[in-house]
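Trainee: One structure coming up, written as C-alpha cells, with questions to follow.
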Number of protein chains: 2
Amino acid sequence: MVPVNLRDVAAHARVSLATASRVFAGNANVQPAIKERVLASAEALGYVVNGLARAMTGRGPRSIAFVVRAMIGPTFASLAAGVESVAGKNGHLVLMCATDGDEQRERELIGVLRELRVKAVLLVGSTETDAAFDERAAGYARDLAQVGATLILCGRPPIMGQGDIVSVDYDQRSGIGAGVDELVALGHRRIAYVGEARGMTTAEQRLDGYTAALVRHGITPDPALMRVAANSEADGARAVDELLRSGVGATAVVAMTDNIAVGAYRAARGQGLTLPDDLSIIGFDDVPVVADLTPGLTTVHPPFFEVGVRAAEIALGVAPAADVLLQTRFMRRGSAAPV
Amino acid sequence: MVPVNLRDVAAHARVSLATASRVFAGNANVQPAIKERVLASAEALGYVVNGLARAMTGRGPRSIAFVVRAMIGPTFASLAAGVESVAGKNGHLVLMCATDGDEQRERELIGVLRELRVKAVLLVGSTETDAAFDERAAGYARDLAQVGATLILCGRPPIMGQGDIVSVDYDQRSGIGAGVDELVALGHRRIAYVGEARGMTTAEQRLDGYTAALVRHGITPDPALMRVAANSEADGARAVDELLRSGVGATAVVAMTDNIAVGAYRAARGQGLTLPDDLSIIGFDDVPVVADLTPGLTTVHPPFFEVGVRAAEIALGVAPAADVLLQTRFMRRGSAAPV
DNA sequence: CTGAAAGCGCTTACAG
DNA sequence: CTGAAAGCGCTTACAG
C-alpha cells in the first residue's frame with residue numbers, strides 16, 4: 001500500500017496535475033487519448049481518488065446523518081431504510097448515530113457532524129416535550145445552519161414557534177383515533193388506554209389522540225381507565241393485569257404500542273379471559289408477527305419507511321423544506337370484537 | 001453563514017496559524033492565556049473546525065462502513081446497534097449502506113467507501129455461496145487494502161482459501177442442531193425442514209445443520225421431508241401446507257427462520273391441527289413477539305448485537321483480526337412437544 | 001511555548 | 001484542450 005496521489009499519476013502520464021484532475025473530476029475538456037493515458041497510469045499505479053480531499057474543496061456529495069436514541073424498535077429499521085434508499089439513489093452516504101438518550105452524547109454528535117459538514121441531520125423519533133428540548137433543538141438548528149446544514153425532525157411534530165425547523169411526522173393522534181372509532185362502533189364505552197406517561201412526544205400524541213377521540217364520541221375520559229406502562233410486554237402485562245383487577249369495568253384497551261398490546265394479551269389470559277370476547281385489544285406500530293397472534297392483533301400501521309423517504313428528500317433539497325404529516329393505516333384483524 | 005477558517009481565528013486572536021491549530025488539535029503546548037484568547041476568537045467568529053480538512057491530513061477518526069443487502073429483518077437492527085455502540089465509544093462514525101442485492105451497486109459502494117478512506121467495511125449478512133462471490137470479495141479486500149482499509153464479513157463464514165478476510169459469524173449449524181436435538185429427545189423421527197434453497201450462506205448453513213444433526217442421531221435425511229420456501233410467512237405457510245398434505249408423516253418441522261415458522265403455524269391451523277400436539281415447530285432468529293404466539297415459539301436466538309460488537313472491535317483494531325464464531329442460544333418455549 | 005514554511009491531495013479560475 | 005499557479009483548510013516538523 002504505497003500511497004499514490006494525483007501528482008504521481010500526472011507525472012506517470014506526462015500531463016499536468018490539472019489535466020489529471022480533470023479526468024477524475026469528470027470534466028469533459030480532455031482529449032480522449034490523453035484521458036486514456038491518465039486512466040492507464042492510474043490503473044498501473046493503483047491510484048484511488050481521495051474523496052476526503054475532494055470533499056474539502058467543496059466538491060463531492062455531503063453525507064446526511066441519522067441520529068436516533070437507540071437503533072431498535074419498529075421505527076428505526078424502516079425509517080433508516082427509507083432514508084438510505086433516497087440518499088443512495090442520489091449518491092449520498094448516510095451516517096448512523098445513536099445517542100442512547102444521553103444529552104451530552106447528542107451534543108457531541110451534532111458537534112462532530114457539523115465539523116464533518118454533513119448536509120443535514122435527521123433527528124429521529126420521539127423526544128422530550130419540555131421547553132428544554134425545544135431550546136436544545138433550536139440551538140442545534142442554529143449550529144448546523146452555521147455550516148450550511150439543516151436539522152430535520154422525524155417522527156415527532158414541529159416545534160412550536162420554530163417554523164424554520166422542518167418536521168416529517170405521521171399522524172399518531174388520528175391513528176389512535178381510528179382505533180377508538182373502531183371500538184366505539186363495536187359498542188364499547190369503557191375503553192382503557194395503557195401507555196407511557198406524558199413527557200415524550202409519542203406518548204403525548206397517542207394519549208391525546210385517545211382522549212380526543214373519546215370526547216368526539218361523547219365519552220368522558222375516565223382517569224381510572226388510563227394506565228401508565230413502560231413500552232414493553234412485561235410492563236404492559238403488569239398494567240393491564242392491574243387494570244383488570246381494579247374493577248373499573250374496561251371492555252377494551254387501546255395500547256400505546258404493540259409491545260404493550262402483547263403484554264395485554266398475556267395479562268388477560270393470565271386472568272382466564274378469552275380474547276377477543278372478554279376483552280378487545282388494539283395496538284399501534286404493526287410490528288412483524290402480531291398479525292399471527294391468536295387472535296391477530298388489530299393495530300395501526302405507521303408509514304415509517306415513507307417518513308424516512310420524505311425526510312431524506314427534504315434533506316437533499318429534492319423536496320421543498322415544508323412540514324410533512326403522513327397518514328397511518330388501520331389494520332383490522334381479530335383482536336377487537338363487539339362488546 | 002460566513003465561512004470562517006482557522007486563519008481568520010488566528011488573525012483575530014493575533015497568533016499564528018500554527019498556534020491556533022494547536023489549540024483545536026488538542027495539542028498541550030499552548031499557554032493557557034493564549035489558548036483562551038484563541039477559543040474566545042473562535043467563539044466570536046463562529047468558527048467550526050473543518051473535519052474534512054483535518055481528515056485529509058490523516059488526522060481525525062476514519063469512519064467504518066456497514067454494508068448490507070437490505071436494512072431489514074432481525075439481523076440488521078441488532079447488528080448495526082452493536083457496531084454503532086463500539087464505534088461511538090471509540091469516536092468513530094458509521095456509514096450505513098444498502099446494496100439491495102445489486103452487484104453493481106455493491107461495487108460502486110465499495111468504490112466510494114474506498115475513496116472516503118473508511119477504516120473498514122463490514123459486509124453484513126448472508127451471501128451467495130458461489131465462487132463468483134468469493135472472487136468478488138477477494139477483489140474488494142484487495143481494493144480496500146490498497147487504501148489501508150479492511151473487509152470484514154459478518155454473519156457468514158470465512159471464505160475458504162481467503163485466510164486474510166476476517167469473518168465474524170454465529171454458529172448457525174449448531175443452532176439448528178439444537179432444535180433437532182430437542183425434537184429427537186421428544187421422540188420425533190420424522191422431522192421436516194422448511195427453508196430457502198441452497199445458494200446463500202445462511203440457507204446452506206441452516207440446512208446443513210439440520211442434516212448433520214439428523215445423521216448424528218442416526219436418522220437418514222429424507223428428501224421428502226425437506227421443503228423449499230422463501231423467507232416469508234406466506235411462503236412458509238404454502239410449503240408447510242403442501243408438506244402436510246403430502247402424507248410424508250412429518251411430526252415436526254424445523255423452520256429456517258421464525259418467519260417461516262409463523263407461516264407453519266398458519267398452515268397447520270388451516271388444516272385443523274392443534275399446536276403443538278399435532279405438530280411441533282421450531283424457528284430460528286427469535287424475533288420479537290414470537291414468544292407470545294400460542295403456543296410460544298421455541299426457537300434459536302442468534303447473538304446479532306454481539307456479532308456487531310466483535311466486528312467493530314476488529315475493524316477498529318481494538319481486537320485482533322481473527323475469525324470469530326459466536327454461539328446461539330436455544331429458546332425453549334411451547335411449540336415443540338412429545339410426539 | 002510560538003511562528004514561518006512546507007505539505008496533505010485535490011480543484012479551479014486564468015492564461016494560452 | 002492544456003498547464004502554471006493559487007487556493008481549499010488544516011497539520012506538523014523545524015527552528016527558535
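So you can find residues: chains in the C-alpha cells are A, B, ... in the order shown, residues in each start at 1, and ligands are numbered from 1 in order.
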Near D:DG7, counting only C-alpha atoms (C1' of nucleotides), which residues have an atom at most 10 Å away, once you skip same-chain residues fewer than 6 positions from it, shown as a list of chain:residue names?
Mentor: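 After dropping sequence-adjacent residues, the list is A:Thr57, C:DT11, C:DT12.
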Trainee: So which residues touch A:Asp164 within 12 Å, counting only C-alpha atoms (C1' of nucleotides), skipping near sequence neighbours fewer than 4 positions away, as a VMD selection string?
Mentor: chain A and resid 137 to 138 141 to 142 145 150 to 153 158 to 160 321 to 323
Trainee: Could those selected residues go to a file with N, CA and C atoms, as a compact mmCIF listing (two decimals), in the first residue's frame?
Mentor:
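Saved result, selection-v5.txt, follows:
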```txt
# COMPACT_ATOMS: atom_id res chain seq x y z
N ALA A 137 -32.96 21.89 20.54
CA ALA A 137 -33.13 21.68 19.11
C ALA A 137 -32.89 22.97 18.33
N ALA A 138 -33.40 24.05 18.87
CA ALA A 138 -33.21 25.34 18.20
C ALA A 138 -31.72 25.64 18.13
N ALA A 141 -30.17 23.53 15.45
CA ALA A 141 -30.53 24.06 14.13
C ALA A 141 -29.63 25.24 13.79
N ARG A 142 -29.42 26.11 14.76
CA ARG A 142 -28.56 27.28 14.54
C ARG A 142 -27.14 26.83 14.26
N ALA A 145 -26.92 25.36 10.88
CA ALA A 145 -27.11 26.36 9.82
C ALA A 145 -25.79 27.08 9.57
N THR A 150 -28.83 21.39 7.67
CA THR A 150 -30.21 21.52 8.14
C THR A 150 -30.53 20.51 9.23
N LEU A 151 -31.41 20.89 10.13
CA LEU A 151 -31.89 19.94 11.13
C LEU A 151 -33.30 19.56 10.72
N ILE A 152 -33.58 18.26 10.67
CA ILE A 152 -34.92 17.81 10.31
C ILE A 152 -35.42 16.86 11.38
N LEU A 153 -36.60 17.13 11.89
CA LEU A 153 -37.20 16.28 12.91
C LEU A 153 -37.99 15.17 12.22
N PRO A 158 -43.73 19.30 14.62
CA PRO A 158 -42.90 20.50 14.54
C PRO A 158 -42.80 21.11 15.93
N ILE A 159 -41.77 21.86 16.15
CA ILE A 159 -41.63 22.55 17.43
C ILE A 159 -42.35 23.88 17.31
N MET A 160 -43.22 24.15 18.26
CA MET A 160 -43.99 25.39 18.23
C MET A 160 -43.05 26.59 18.23
N ALA A 321 -38.63 22.28 1.67
CA ALA A 321 -38.48 22.17 3.12
C ALA A 321 -39.73 22.59 3.87
N ALA A 322 -40.76 21.79 3.76
CA ALA A 322 -42.01 22.11 4.45
C ALA A 322 -42.41 20.93 5.33
N ASP A 323 -43.09 21.20 6.42
CA ASP A 323 -43.53 20.13 7.31
C ASP A 323 -44.38 19.11 6.56
```
Trainee: Check which residues of chain B sit at most 6 Å from chain A using only C-alpha atoms, and return one row each with the closest pair of atoms and their distance in Å to one decimal, ordered by chain and rising number, as a Markdown table.
Mentor:
```
| residue | atom | partner | partner_atom | distance |
| --- | --- | --- | --- | --- |
| B:Met1 | CA | A:Gln146 | CA | 5.0 |
| B:Val49 | CA | A:Glu115 | CA | 5.6 |
| B:Asn50 | CA | A:Glu115 | CA | 5.1 |
| B:Gly51 | CA | A:Glu115 | CA | 4.7 |
| B:Leu52 | CA | A:Met56 | CA | 5.5 |
| B:Ala53 | CA | A:Met56 | CA | 5.6 |
| B:Met56 | CA | A:Leu52 | CA | 5.5 |
| B:Met71 | CA | A:Ala81 | CA | 5.4 |
| B:Ala81 | CA | A:Met71 | CA | 5.4 |
| B:Val94 | CA | A:Leu95 | CA | 5.6 |
| B:Leu95 | CA | A:Leu95 | CA | 4.5 |
| B:Met96 | CA | A:Val94 | CA | 5.6 |
| B:Glu115 | CA | A:Gly51 | CA | 4.7 |
| B:Leu116 | CA | A:Gly51 | CA | 4.7 |
| B:Gln146 | CA | A:Met1 | CA | 5.0 |
| B:Leu293 | CA | A:Leu293 | CA | 5.1 |
```
Trainee: Those same residues - N, CA and C atoms - I'd like them written as an mmCIF file, in the first residue's frame.
Mentor:
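Once everything was written out, this is again_5.cif:
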```
data_model
loop_
_atom_site.group_PDB
_atom_site.id
_atom_site.type_symbol
_atom_site.label_atom_id
_atom_site.label_comp_id
_atom_site.auth_asym_id
_atom_site.auth_seq_id
_atom_site.Cartn_x
_atom_site.Cartn_y
_atom_site.Cartn_z
ATOM 1 N N MET B 1 -24.260 32.852 7.458
ATOM 2 C CA MET B 1 -23.265 31.771 7.368
ATOM 3 C C MET B 1 -22.046 32.214 6.562
ATOM 4 N N VAL B 49 -14.326 23.896 13.282
ATOM 5 C CA VAL B 49 -13.245 23.145 12.649
ATOM 6 C C VAL B 49 -13.782 22.413 11.430
ATOM 7 N N ASN B 50 -13.014 22.371 10.382
ATOM 8 C CA ASN B 50 -13.424 21.612 9.209
ATOM 9 C C ASN B 50 -12.855 20.203 9.318
ATOM 10 N N GLY B 51 -13.750 19.283 9.709
ATOM 11 C CA GLY B 51 -13.324 17.904 9.928
ATOM 12 C C GLY B 51 -12.827 17.234 8.654
ATOM 13 N N LEU B 52 -13.323 17.718 7.528
ATOM 14 C CA LEU B 52 -12.917 17.138 6.251
ATOM 15 C C LEU B 52 -11.435 17.438 6.017
ATOM 16 N N ALA B 53 -11.067 18.676 6.249
ATOM 17 C CA ALA B 53 -9.667 19.078 6.052
ATOM 18 C C ALA B 53 -8.783 18.314 7.030
ATOM 19 N N MET B 56 -8.342 14.861 5.940
ATOM 20 C CA MET B 56 -7.461 14.744 4.782
ATOM 21 C C MET B 56 -5.995 14.684 5.173
ATOM 22 N N MET B 71 -31.861 -3.089 4.692
ATOM 23 C CA MET B 71 -31.919 -2.664 6.080
ATOM 24 C C MET B 71 -33.224 -3.145 6.669
ATOM 25 N N ALA B 81 -26.713 -1.932 15.727
ATOM 26 C CA ALA B 81 -26.608 -1.332 17.058
ATOM 27 C C ALA B 81 -25.299 -1.756 17.718
ATOM 28 N N VAL B 94 -20.334 5.660 11.869
ATOM 29 C CA VAL B 94 -20.606 4.531 10.992
ATOM 30 C C VAL B 94 -21.519 4.924 9.842
ATOM 31 N N LEU B 95 -21.065 4.497 8.683
ATOM 32 C CA LEU B 95 -21.771 4.754 7.436
ATOM 33 C C LEU B 95 -22.647 3.545 7.142
ATOM 34 N N MET B 96 -23.902 3.803 6.806
ATOM 35 C CA MET B 96 -24.850 2.721 6.592
ATOM 36 C C MET B 96 -25.221 2.629 5.126
ATOM 37 N N GLU B 115 -12.700 5.579 -1.601
ATOM 38 C CA GLU B 115 -12.283 6.966 -1.831
ATOM 39 C C GLU B 115 -12.388 7.768 -0.537
ATOM 40 N N LEU B 116 -13.393 7.420 0.253
ATOM 41 C CA LEU B 116 -13.594 8.158 1.502
ATOM 42 C C LEU B 116 -12.636 7.689 2.582
ATOM 43 N N GLN B 146 -5.634 -1.567 -0.429
ATOM 44 C CA GLN B 146 -4.878 -0.563 -1.159
ATOM 45 C C GLN B 146 -4.922 0.817 -0.504
ATOM 46 N N LEU B 293 -46.739 -15.995 20.748
ATOM 47 C CA LEU B 293 -47.677 -16.715 19.901
ATOM 48 C C LEU B 293 -48.287 -17.790 20.796
#
```
Trainee: Identify every residue of chain B that has at least one atom within 12 Å of any atom of chain C, counting only C-alpha atoms (C1' of nucleotides), and report the result as a PyMOL selection string.
Mentor: chain B and resi 10+14-22+27-35+52-59+115
Trainee: Could you find all residues in stretch 126-156 of chain A that DSSP calls alpha helix (DSSP H) from the backbone, and write them as a list in words?
Mentor: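 These are the residues in question: Ala131, Ala132, Phe133, Asp134, Glu135, Arg136, Ala137, Ala138, Gly139, Tyr140, Ala141, Arg142, Asp143, Leu144 and Ala145 of chain A.
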Trainee: Take the residues just selected and output them with N, CA and C atoms as a compact mmCIF listing (two decimals), in the first residue's frame.
Mentor:
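The new file out09.txt reads:
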```
# COMPACT_ATOMS: atom_id res chain seq x y z
N ALA A 131 -39.65 22.41 27.31
CA ALA A 131 -39.04 23.56 26.67
C ALA A 131 -37.54 23.36 26.51
N ALA A 132 -36.96 22.62 27.42
CA ALA A 132 -35.52 22.39 27.35
C ALA A 132 -35.15 21.73 26.03
N PHE A 133 -35.95 20.77 25.62
CA PHE A 133 -35.64 20.12 24.34
C PHE A 133 -35.79 21.11 23.20
N ASP A 134 -36.88 21.85 23.23
CA ASP A 134 -37.13 22.80 22.15
C ASP A 134 -35.95 23.76 21.99
N GLU A 135 -35.43 24.20 23.11
CA GLU A 135 -34.30 25.12 23.04
C GLU A 135 -33.05 24.42 22.51
N ARG A 136 -32.89 23.21 22.97
CA ARG A 136 -31.72 22.44 22.52
C ARG A 136 -31.80 22.29 21.00
N ALA A 137 -32.96 21.89 20.54
CA ALA A 137 -33.13 21.68 19.11
C ALA A 137 -32.89 22.97 18.33
N ALA A 138 -33.40 24.05 18.87
CA ALA A 138 -33.21 25.34 18.20
C ALA A 138 -31.72 25.64 18.13
N GLY A 139 -31.03 25.29 19.19
CA GLY A 139 -29.58 25.50 19.21
C GLY A 139 -28.90 24.65 18.15
N TYR A 140 -29.31 23.41 18.05
CA TYR A 140 -28.72 22.52 17.05
C TYR A 140 -28.95 23.10 15.66
N ALA A 141 -30.17 23.53 15.45
CA ALA A 141 -30.53 24.06 14.13
C ALA A 141 -29.63 25.24 13.79
N ARG A 142 -29.42 26.11 14.76
CA ARG A 142 -28.56 27.28 14.54
C ARG A 142 -27.14 26.83 14.26
N ASP A 143 -26.64 25.95 15.09
CA ASP A 143 -25.27 25.48 14.93
C ASP A 143 -25.06 24.84 13.56
N LEU A 144 -26.05 24.09 13.15
CA LEU A 144 -25.94 23.42 11.87
C LEU A 144 -26.04 24.42 10.72
N ALA A 145 -26.92 25.36 10.88
CA ALA A 145 -27.11 26.36 9.82
C ALA A 145 -25.79 27.08 9.57
```
Trainee: With DSSP run on the backbone, what are the strand (DSSP E) residues within stretch 115-168 of chain A? I'd like them as a list in words.
Mentor: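 Answer for stretch 115-168 of chain A restricted to strand (DSSP E) is Ala120, Val121, Leu122, Leu123, Val124, Thr150, Leu151, Ile152, Leu153, Cys154, Val166, Ser167 and Val168 of chain A.
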Trainee: Convert the current residue selection to file output with N, CA and C atoms, as an mmCIF file, in the first residue's frame.
Mentor:
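Contents of the output file again-v3.cif:
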```
data_model
loop_
_atom_site.group_PDB
_atom_site.id
_atom_site.type_symbol
_atom_site.label_atom_id
_atom_site.label_comp_id
_atom_site.auth_asym_id
_atom_site.auth_seq_id
_atom_site.Cartn_x
_atom_site.Cartn_y
_atom_site.Cartn_z
ATOM 1 N N ALA A 120 -27.322 17.419 6.224
ATOM 2 C CA ALA A 120 -28.473 17.534 7.120
ATOM 3 C C ALA A 120 -28.364 16.510 8.227
ATOM 4 N N VAL A 121 -28.950 16.827 9.372
ATOM 5 C CA VAL A 121 -29.065 15.772 10.375
ATOM 6 C C VAL A 121 -30.532 15.551 10.661
ATOM 7 N N LEU A 122 -30.902 14.279 10.594
ATOM 8 C CA LEU A 122 -32.266 13.865 10.842
ATOM 9 C C LEU A 122 -32.320 13.418 12.295
ATOM 10 N N LEU A 123 -33.070 14.135 13.104
ATOM 11 C CA LEU A 123 -33.219 13.764 14.499
ATOM 12 C C LEU A 123 -34.458 12.893 14.530
ATOM 13 N N VAL A 124 -34.249 11.603 14.766
ATOM 14 C CA VAL A 124 -35.322 10.643 14.600
ATOM 15 C C VAL A 124 -35.977 10.149 15.880
ATOM 16 N N THR A 150 -28.827 21.389 7.671
ATOM 17 C CA THR A 150 -30.210 21.517 8.138
ATOM 18 C C THR A 150 -30.528 20.510 9.226
ATOM 19 N N LEU A 151 -31.406 20.891 10.128
ATOM 20 C CA LEU A 151 -31.890 19.944 11.130
ATOM 21 C C LEU A 151 -33.302 19.560 10.725
ATOM 22 N N ILE A 152 -33.578 18.261 10.666
ATOM 23 C CA ILE A 152 -34.920 17.813 10.310
ATOM 24 C C ILE A 152 -35.423 16.860 11.383
ATOM 25 N N LEU A 153 -36.597 17.126 11.892
ATOM 26 C CA LEU A 153 -37.201 16.278 12.910
ATOM 27 C C LEU A 153 -37.989 15.171 12.217
ATOM 28 N N CYS A 154 -37.828 13.927 12.669
ATOM 29 C CA CYS A 154 -38.575 12.837 12.043
ATOM 30 C C CYS A 154 -39.371 12.069 13.086
ATOM 31 N N VAL A 166 -37.873 21.984 10.089
ATOM 32 C CA VAL A 166 -38.868 21.136 9.428
ATOM 33 C C VAL A 166 -39.113 19.838 10.185
ATOM 34 N N SER A 167 -40.339 19.383 10.154
ATOM 35 C CA SER A 167 -40.698 18.112 10.776
ATOM 36 C C SER A 167 -41.387 17.212 9.767
ATOM 37 N N VAL A 168 -40.974 15.953 9.750
ATOM 38 C CA VAL A 168 -41.647 14.955 8.913
ATOM 39 C C VAL A 168 -42.220 13.955 9.893
#
```
